[in-house]
Structures are given as C-alpha cells and as structure tokens.
file upload11.cif (mmCIF, C-alpha atoms)
data_work
#
loop_
_atom_site.label_atom_id
_atom_site.label_comp_id
_atom_site.auth_asym_id
_atom_site.auth_seq_id
_atom_site.Cartn_x
_atom_site.Cartn_y
_atom_site.Cartn_z
CA MET A 1 100.82 93.52 87.54
CA ARG A 2 97.07 93.97 87.71
CA GLY A 3 94.75 91.42 86.17
CA VAL A 4 97.11 88.47 86.71
CA GLN A 5 96.08 85.63 88.99
CA SER A 6 98.17 85.94 92.15
CA THR A 7 98.95 82.30 92.88
CA PRO A 8 101.87 81.49 95.21
CA GLY A 9 103.90 80.22 92.25
CA HIS A 10 103.19 83.34 90.21
CA LEU A 11 104.10 85.66 93.08
CA LEU A 12 107.30 83.75 93.73
CA GLY A 13 108.20 84.12 90.06
CA LEU A 14 107.67 87.88 90.26
CA ALA A 15 109.78 88.04 93.41
CA GLN A 16 112.61 86.10 91.73
CA GLY A 17 112.77 88.78 89.06
CA ILE A 18 112.99 91.55 91.67
CA LEU A 19 115.06 90.24 94.58
CA PRO A 20 118.86 90.29 94.21
CA PRO A 21 120.47 86.93 93.43
CA PRO A 22 121.33 84.89 96.55
CA PRO A 23 123.36 84.66 98.65
CA CYS A 24 123.09 88.26 99.82
CA SER A 25 121.84 90.40 102.69
CA ILE A 26 118.53 92.29 102.57
CA ASP A 27 116.60 94.38 105.10
CA LEU A 28 113.04 93.46 106.07
CA ILE A 29 110.48 95.82 107.62
CA SER A 30 108.57 93.96 110.33
CA GLU A 31 104.90 94.30 111.27
CA ASP A 32 106.15 94.11 114.89
CA GLY A 33 107.95 97.42 114.33
CA GLY A 34 111.41 98.25 113.10
CA SER A 35 113.45 96.31 110.59
CA PHE A 36 116.15 93.65 110.62
CA ALA A 37 118.74 92.29 108.23
CA VAL A 38 118.53 88.72 106.93
CA SER A 39 120.75 86.50 104.82
CA PHE A 40 118.85 85.56 101.66
CA CYS A 41 119.85 81.96 100.92
CA GLY A 42 117.68 80.94 97.96
CA TYR A 43 114.42 79.18 97.05
CA GLU A 44 112.87 75.82 97.90
CA ASP A 45 109.36 74.39 97.30
CA ASN A 46 107.80 77.76 96.34
CA MET A 47 109.32 79.38 99.42
CA ILE A 48 112.12 81.82 100.13
CA LEU A 49 114.89 80.66 102.48
CA LEU A 50 116.40 83.15 104.90
CA HIS A 51 118.70 83.20 107.90
CA ALA A 52 117.19 85.72 110.33
CA PRO A 53 117.89 86.90 113.89
CA ARG A 54 116.18 84.41 116.21
CA LEU A 55 114.55 87.08 118.37
CA SER A 56 113.15 89.00 115.38
CA ALA A 57 111.54 86.15 113.43
CA ARG A 58 108.43 84.15 114.31
CA ARG A 59 105.80 82.10 112.53
CA GLN A 60 103.10 84.10 110.71
CA LEU A 61 105.13 87.31 110.99
CA ARG A 62 104.56 89.55 107.98
CA VAL A 63 107.56 91.44 106.65
CA LEU A 64 108.28 93.73 103.72
CA ALA A 65 111.35 93.95 101.50
CA ARG A 66 111.71 97.29 99.69
CA ILE A 67 113.92 96.76 96.65
CA SER A 68 115.33 99.58 94.53
CA ASP A 69 116.90 99.17 91.12
CA GLU A 70 118.42 102.11 89.22
CA ARG A 71 117.19 100.73 85.90
CA ARG A 72 113.73 99.37 86.79
CA GLY A 73 112.74 101.48 89.81
CA GLY A 74 111.44 100.39 93.21
CA TYR A 75 109.39 97.37 94.29
CA GLU A 76 107.90 95.95 97.48
CA VAL A 77 107.90 92.22 98.15
CA GLU A 78 105.66 91.15 101.04
CA LEU A 79 106.44 87.90 102.83
CA GLU A 80 104.86 85.82 105.56
CA ILE A 81 107.05 83.52 107.64
CA ALA A 82 105.66 80.01 107.33
CA ASP A 83 108.14 78.26 109.63
CA CYS A 84 111.32 78.76 111.64
CA PHE A 85 114.02 76.17 112.32
CA PHE A 86 116.97 76.25 114.71
CA HIS A 87 120.19 77.23 112.98
CA SER A 88 122.45 78.65 115.70
CA GLY A 89 122.18 80.39 119.03
CA GLU A 90 121.42 83.75 117.39
CA GLN A 91 120.12 82.73 113.95
CA THR A 92 117.08 80.83 112.74
CA LEU A 93 116.38 79.32 109.31
CA VAL A 94 113.19 80.85 107.93
CA HIS A 95 110.83 79.53 105.24
CA ALA A 96 108.75 82.44 103.91
CA ILE A 97 106.02 82.63 101.29
CA VAL A 98 105.49 85.60 98.97
CA THR A 99 102.08 87.17 99.61
CA ALA A 100 102.25 90.30 97.42
CA VAL A 101 104.47 92.14 94.97
CA ARG A 102 103.99 95.85 94.23
CA ARG A 103 105.80 98.46 92.22
CA ARG A 104 106.77 101.69 93.98
CA LYS A 105 106.75 104.97 92.13
CA GLY A 106 110.09 106.73 92.03
CA ARG A 107 108.58 110.07 93.05
CA ARG A 108 106.27 111.33 95.75
CA LEU A 109 102.64 110.45 95.09
CA ALA A 110 101.40 113.84 96.31
CA PRO A 111 102.89 117.30 96.90
CA ARG A 112 103.68 118.09 100.51
CA VAL A 113 102.78 121.18 102.49
CA ALA A 114 105.19 122.76 104.98
CA ILE A 115 103.34 123.44 108.23
CA GLY A 116 105.86 123.60 111.12
CA GLN A 117 103.30 122.26 113.59
CA PRO A 118 104.09 120.72 117.03
CA ALA A 119 102.67 117.23 117.47
CA THR A 120 102.84 114.07 119.55
CA ALA A 121 103.97 110.77 118.03
CA ARG A 122 102.79 107.73 120.01
CA ILE A 123 104.59 104.43 119.45
CA VAL A 124 102.34 101.60 118.24
CA ALA A 125 105.12 99.12 117.43
CA SER A 126 108.87 99.74 117.50
CA ALA A 127 112.12 97.84 117.49
CA SER A 128 113.69 100.07 120.14
CA LEU A 129 110.96 101.96 122.05
CA PRO A 130 108.14 100.62 124.28
CA THR A 131 104.57 100.66 123.01
CA ASN A 132 102.62 103.83 123.93
CA THR A 133 105.78 105.91 124.34
CA ASP A 134 104.96 109.54 123.48
CA LEU A 135 107.49 111.68 121.60
CA ASP A 136 107.27 115.46 121.25
CA VAL A 137 107.92 116.16 117.57
CA ARG A 138 107.43 118.98 115.06
CA ILE A 139 105.73 118.21 111.76
CA THR A 140 107.75 119.74 108.92
CA ASP A 141 105.53 118.77 105.99
CA VAL A 142 102.48 116.63 105.25
CA SER A 143 100.54 115.38 102.24
CA ALA A 144 97.70 112.98 101.54
CA THR A 145 100.19 110.08 101.46
CA GLY A 146 103.08 110.96 103.76
CA LEU A 147 104.50 113.24 106.41
CA ALA A 148 107.84 114.20 107.90
CA PHE A 149 108.73 115.44 111.36
CA SER A 150 111.79 116.34 113.40
CA SER A 151 112.50 114.46 116.63
CA GLN A 152 115.13 114.33 119.33
CA ARG A 153 114.93 110.51 119.26
CA PRO A 154 115.86 108.39 116.24
CA LEU A 155 113.31 105.89 114.93
CA ASP A 156 113.74 102.75 112.87
CA PRO A 157 112.26 102.06 109.42
CA GLY A 158 109.15 99.98 109.97
CA ASP A 159 108.24 101.58 113.31
CA GLN A 160 104.50 102.26 113.51
CA LEU A 161 103.19 105.49 115.01
CA THR A 162 100.02 107.42 115.68
CA VAL A 163 100.79 111.08 115.11
CA HIS A 164 98.44 113.46 116.96
CA VAL A 165 98.45 116.88 115.32
CA GLU A 166 96.06 119.78 114.86
CA LEU A 167 95.21 120.42 111.22
CA PHE A 168 92.77 123.12 110.13
CA ASP A 169 91.99 123.78 113.82
CA ARG A 170 90.90 120.17 114.36
CA PRO A 171 92.77 117.45 116.29
CA THR A 172 93.73 114.68 113.88
CA ALA A 173 95.22 111.23 114.57
CA ILE A 174 97.32 109.87 111.70
CA THR A 175 98.52 106.26 111.70
CA SER A 176 101.84 106.09 109.87
CA ARG A 177 104.89 103.90 109.30
CA VAL A 178 108.49 105.14 109.32
CA VAL A 179 110.28 104.68 106.01
CA ARG A 180 113.50 106.59 106.76
CA CYS A 181 115.31 108.46 109.52
CA ASP A 182 118.16 110.88 108.81
CA ARG A 183 120.33 113.05 111.03
CA ALA A 184 119.37 116.71 111.08
CA PRO A 185 121.05 119.86 112.46
CA TYR A 186 121.26 120.57 116.20
CA GLY A 187 121.34 116.93 117.21
CA ARG A 188 117.85 116.15 115.89
CA PHE A 189 116.53 113.59 113.41
CA ARG A 190 114.27 114.02 110.39
CA VAL A 191 111.79 111.13 110.18
CA GLY A 192 109.87 110.40 106.97
CA CYS A 193 106.65 108.37 107.19
CA GLU A 194 103.99 106.95 104.91
CA ILE A 195 100.41 107.58 106.02
CA ARG A 196 98.26 104.49 106.49
CA ASN A 197 94.79 105.57 107.60
CA LEU A 198 93.56 108.89 106.16
CA THR A 199 89.95 108.89 105.01
CA GLU A 200 89.16 109.96 101.47
CA HIS A 201 87.76 113.26 102.80
CA ASN A 202 91.00 113.98 104.68
CA GLN A 203 93.07 113.13 101.61
CA GLN A 204 91.02 115.51 99.48
CA ALA A 205 91.42 118.25 102.08
CA LEU A 206 95.21 117.89 102.15
CA ALA A 207 95.37 117.71 98.35
CA HIS A 208 93.33 120.92 98.19
CA LEU A 209 95.68 122.60 100.66
CA SER A 210 98.64 121.54 98.49
CA GLN A 211 97.04 123.20 95.47
CA MET A 212 96.44 126.36 97.51
CA THR A 213 100.08 126.40 98.61
CA ASP A 214 101.29 126.14 95.01
CA SER A 215 98.89 128.83 93.80
CA PRO A 216 100.37 132.36 93.35
CA SER A 217 97.22 133.81 94.94
CA ALA A 218 97.43 131.67 98.07
CA THR A 219 97.43 133.64 101.30
CA SER A 220 100.26 133.32 103.78
CA ASP A 221 97.95 132.38 106.67
CA ARG A 222 96.03 129.22 105.80
CA ARG A 223 94.15 129.12 109.08
CA GLN A 224 92.40 132.45 108.41
CA SER A 225 91.61 131.81 104.75
CA SER A 226 87.89 131.48 104.01
CA ASP A 227 88.76 128.83 101.39
CA ALA A 228 90.66 126.61 103.83
CA PRO A 229 89.41 123.00 103.75
CA THR A 230 87.96 121.46 106.89
CA LEU A 231 88.48 118.03 108.34
CA PRO A 232 85.95 115.89 110.21
CA PRO A 233 86.68 114.81 113.79
CA ALA A 234 89.68 112.50 113.92
CA GLU A 235 88.89 108.84 113.45
CA GLN A 236 89.92 106.37 116.12
CA PRO A 237 93.44 105.18 115.25
CA SER A 238 94.31 101.53 115.12
CA ALA A 239 97.62 99.67 114.91
CA ASP A 240 98.52 99.18 111.26
CA HIS A 241 99.74 95.85 109.99
CA LEU A 242 100.98 94.85 106.57
CA ASP A 243 97.88 94.03 104.50
CA SER A 244 99.39 91.17 102.58
CA ARG A 245 95.99 89.77 101.66
CA ARG A 246 95.35 92.46 99.10
CA ALA A 247 95.80 91.55 95.44
CA ALA A 248 99.27 92.17 94.09
CA ALA A 249 99.53 95.33 92.05
#

call {"tool": "encode", "arguments": {"input": "upload11.cif", "output": "structure tokens"}}
result
Amino acid sequence: MRGVQSTPGHLLGLAQGILPPPPCSIDLISEDGGSFAVSFCGYEDNMILLHAPRLSARRQLRVLARISDERRGGYEVELEIADCFFHSGEQTLVHAIVTAVRRRKGRRLAPRVAIGQPATARIVASASLPTNTDLDVRITDVSATGLAFSSQRPLDPGDQLTVHVELFDRPTAITSRVVRCDRAPYGRFRVGCEIRNLTEHNQQALAHLSQMTDSPSATSDRRQSSDAPTLPPAEQPSADHLDSRRAAA
C-alpha cells in the first residue's frame, strides 16, 4: 500500500475491502486503554457508522481494528471518532473516519529470547486498572518488537504499559501495548505485548542477543559472555498513543 496517496476516500475504500460486511460486531483497541466491542452498521459520507458503548466512545478518540482473514492475512484499520450521537442509554451512534490501513505479517517480526526475568509493569492506560498501578510480573521472552510476561492479574488488549526490567545489567523502561492475554498454569496469565519505544540501538542489541541464542556456540550465561551486547541508559518512557497520522502502509 506504499506509494498511494492516502486520501480519506482512498483509505475508506481500502477499509471496505478489509472490514467484514455490516451489520456485524468488531472489537476496537482504544488509545484510552483496553478494548470494546461495537456494532458495525455501515458507511455514510466517507465515514464508518458504529454503535458503541457510550462510556467508551468520545470525539477524537483513536481506535484500532485488527482484522484477520485466513486467506489474505491480517490487517489493521485505524479510526478516529469524528462525532457521537445519542442512541440509547448505554449506546451511542459513532461517525468515524479511517486514518490508516496497514497489513500485519502473519508471523513474528523478530525471534524472541527467553530470559525469565522479574520486572515491574506500570499501567499507563487501562480499561480495568487505575493509571500508575504497578504489577509484579516475570518476563518470559523478549525481542526487538515484542515481549511476553506472566502476571497474577489479567490485562485487556489495548492496555498500555511501561515495563521496567533489567537487561544486560542495565535498567530499561519499555513502553508496550497488550495484544493478547491468555490463562496460564497455577492461576496466572500470559500477556503478550508489542513494543512501542525501543531505540534503534536497543533493537540491534536484542536482535544480536537473539542470534547468539540461536547459535550452537552460544554460552548458557549471557550476562557473563564477553560478546554480550550493551544497552544505553533507559530512555524516559512516555504514554503511547495510536500514531494515526503516519502514512498508510
């Protein structure tokens, strides 16, 4: 989808080829944290019409629909709510514009490294937990593009976190967004996240560690290896929001 002028009409046309035919129900990831289900009603005047929970929708809210198709693969459709109208006590009629359409790869973008490291996940935005809530978690694996951890508390897709963990003997703050949460043994939950803020240097360091892990000559103790990559001091984390102003892929 690169190289094509991303006008509202063009983006809406792309979205029409990706979204399921209305009427139907779809889940939207919210920049306010968490996700919510909406009734997809149709199209009108280059906008998408939805019935959404009144307390979840607001003007200028940016949301993300992740669509998967067995034949064509996965896509992301980013929307911005242009207006809300009263529909019922619990529902509002939403007019949303398409701001970006991207294709998602059907496989992980980077190999992950198992580390088994304790960490703290601080809530930035969540549908069910207060901002700045700290959760004691254990990182199970990490890569340049994503991480997973186990937690005693479930999280919702779309929740935004800052994960504080020590990598290569340096404290690192990783801004991430929850993409899935599954039950795990012993009453815990496995939470999968996409990373939103790693610098290029950090990404290269994690990619290098992945290559070391896959290498037959890799040592069992990465911390004591003389070839272990180093990370700079952790950058100041900031709350991540959907960057719907970027050009559609």

call {"tool": "atom_distance", "arguments": {"input": "upload11.cif", "atom1": "atom CA of A:Asn197", "atom2": "atom CA of A:Ser176"}}
result
7.4 Å

call {"tool": "closest_atom_pairs", "arguments": {"input": "upload11.cif", "of": "stretch 95-134 of chain A", "to": "stretch 60-73 of chain A", "cutoff": "10 Å", "atoms": "only C-alpha atoms", "output": "CSV"}}
result
residue,atom,partner,partner_atom,distance
A:Ala96,CA,A:Gln60,CA,9.0
A:Ile97,CA,A:Arg62,CA,9.7
A:Val98,CA,A:Leu64,CA,9.8
A:Thr99,CA,A:Arg62,CA,9.0
A:Ala100,CA,A:Leu64,CA,9.4
A:Val101,CA,A:Ala65,CA,9.7
A:Arg102,CA,A:Arg66,CA,9.6
A:Arg103,CA,A:Gly73,CA,7.9
A:Arg104,CA,A:Gly73,CA,7.3
A:Lys105,CA,A:Gly73,CA,7.3
A:Gly106,CA,A:Gly73,CA,6.3

call {"tool": "residues_around", "arguments": {"input": "upload11.cif", "residues": "A:Ala127", "least_positions_apart": "5", "cutoff": "8 Å", "atoms": "all atoms listed in the file", "output": "PDB file with C-alpha atoms, in the frame of the given file"}}
result
ATOM      1  CA  ASP A  32     106.150  94.110 114.890  1.00  0.00           C
ATOM      2  CA  GLY A  33     107.950  97.420 114.330  1.00  0.00           C
ATOM      3  CA  GLY A  34     111.410  98.250 113.100  1.00  0.00           C
ATOM      4  CA  SER A  35     113.450  96.310 110.590  1.00  0.00           C
ATOM      5  CA  ASP A 156     113.740 102.750 112.870  1.00  0.00           C
ATOM      6  CA  ASP A 159     108.240 101.580 113.310  1.00  0.00           C
TER       7      ASP A 159
END

call {"tool": "residues_around", "arguments": {"input": "upload11.cif", "residues": "A:Thr140", "least_positions_apart": "3", "cutoff": "10 Å", "atoms": "all atoms listed in the file", "output": "list in words"}}
result
Arg112, Val113, Ala114, Ile115, Gly116, Gln117, Pro118, Val137, Leu147, Ala148, Phe149, Ser150, Arg190, Val191 and Gly192 of chain A

call {"tool": "atom_distance", "arguments": {"input": "upload11.cif", "atom1": "atom CA of A:Arg122", "atom2": "atom CA of A:Ser56"}}
result
21.9 Å

call {"tool": "atom_distance", "arguments": {"input": "upload11.cif", "atom1": "atom CA of A:Arg58", "atom2": "atom CA of A:Phe85"}}
result
9.9 Å

call {"tool": "resolve_selection", "arguments": {"input": "upload11.cif", "expression": "the PyMOL selection byres ((chain A and resi 196) around 8)", "output": "JSON, numbers by chain"}}
result
{"A": [145, 174, 175, 176, 177, 194, 195, 197, 198, 240]}

call {"tool": "resolve_selection", "arguments": {"input": "upload11.cif", "expression": "the PyMOL selection byres ((chain A and resi 42-52) around 10)", "output": "JSON, numbers by chain"}}
result
{"A": [8, 9, 10, 11, 12, 13, 15, 16, 21, 22, 23, 24, 25, 26, 28, 36, 37, 38, 39, 40, 41, 53, 54, 55, 56, 57, 58, 79, 80, 81, 82, 84, 85, 86, 87, 88, 90, 91, 92, 93, 94, 95, 96, 97, 98]}

call {"tool": "closest_residue", "arguments": {"input": "upload11.cif", "among": "A:Ala125, A:Ala119, A:Leu167, A:Val178", "to": "A:Ile139", "atoms": "all atoms listed in the file"}}
result
A:Ala119

call {"tool": "closest_residue", "arguments": {"input": "upload11.cif", "among": "A:Leu206, A:Leu161, A:Gly89, A:Arg153", "to": "A:Val124", "atoms": "only C-alpha atoms"}}
result
A:Leu161

call {"tool": "resolve_selection", "arguments": {"input": "upload11.cif", "expression": "the PyMOL selection byres ((chain A and resi 188) around 9)", "output": "list of chain:residue names"}}
result
A:Ser150, A:Ser151, A:Gln152, A:Arg153, A:Pro154, A:Asp182, A:Arg183, A:Ala184, A:Pro185, A:Tyr186, A:Gly187, A:Phe189, A:Arg190

call {"tool": "closest_residue", "arguments": {"input": "upload11.cif", "among": "A:Arg138, A:Arg59, A:Arg180, A:Arg170", "to": "A:Cys193", "atoms": "all atoms listed in the file"}}
result
A:Arg180

call {"tool": "closest_residue", "arguments": {"input": "upload11.cif", "among": "A:Gly158, A:Glu166, A:Leu135, A:Ala121", "to": "A:Val179", "atoms": "only C-alpha atoms"}}
result
A:Gly158

call {"tool": "closest_residue", "arguments": {"input": "upload11.cif", "among": "A:Asp136, A:Asp141, A:Glu200, A:Glu76", "to": "A:Ile18", "atoms": "all atoms listed in the file"}}
result
A:Glu76
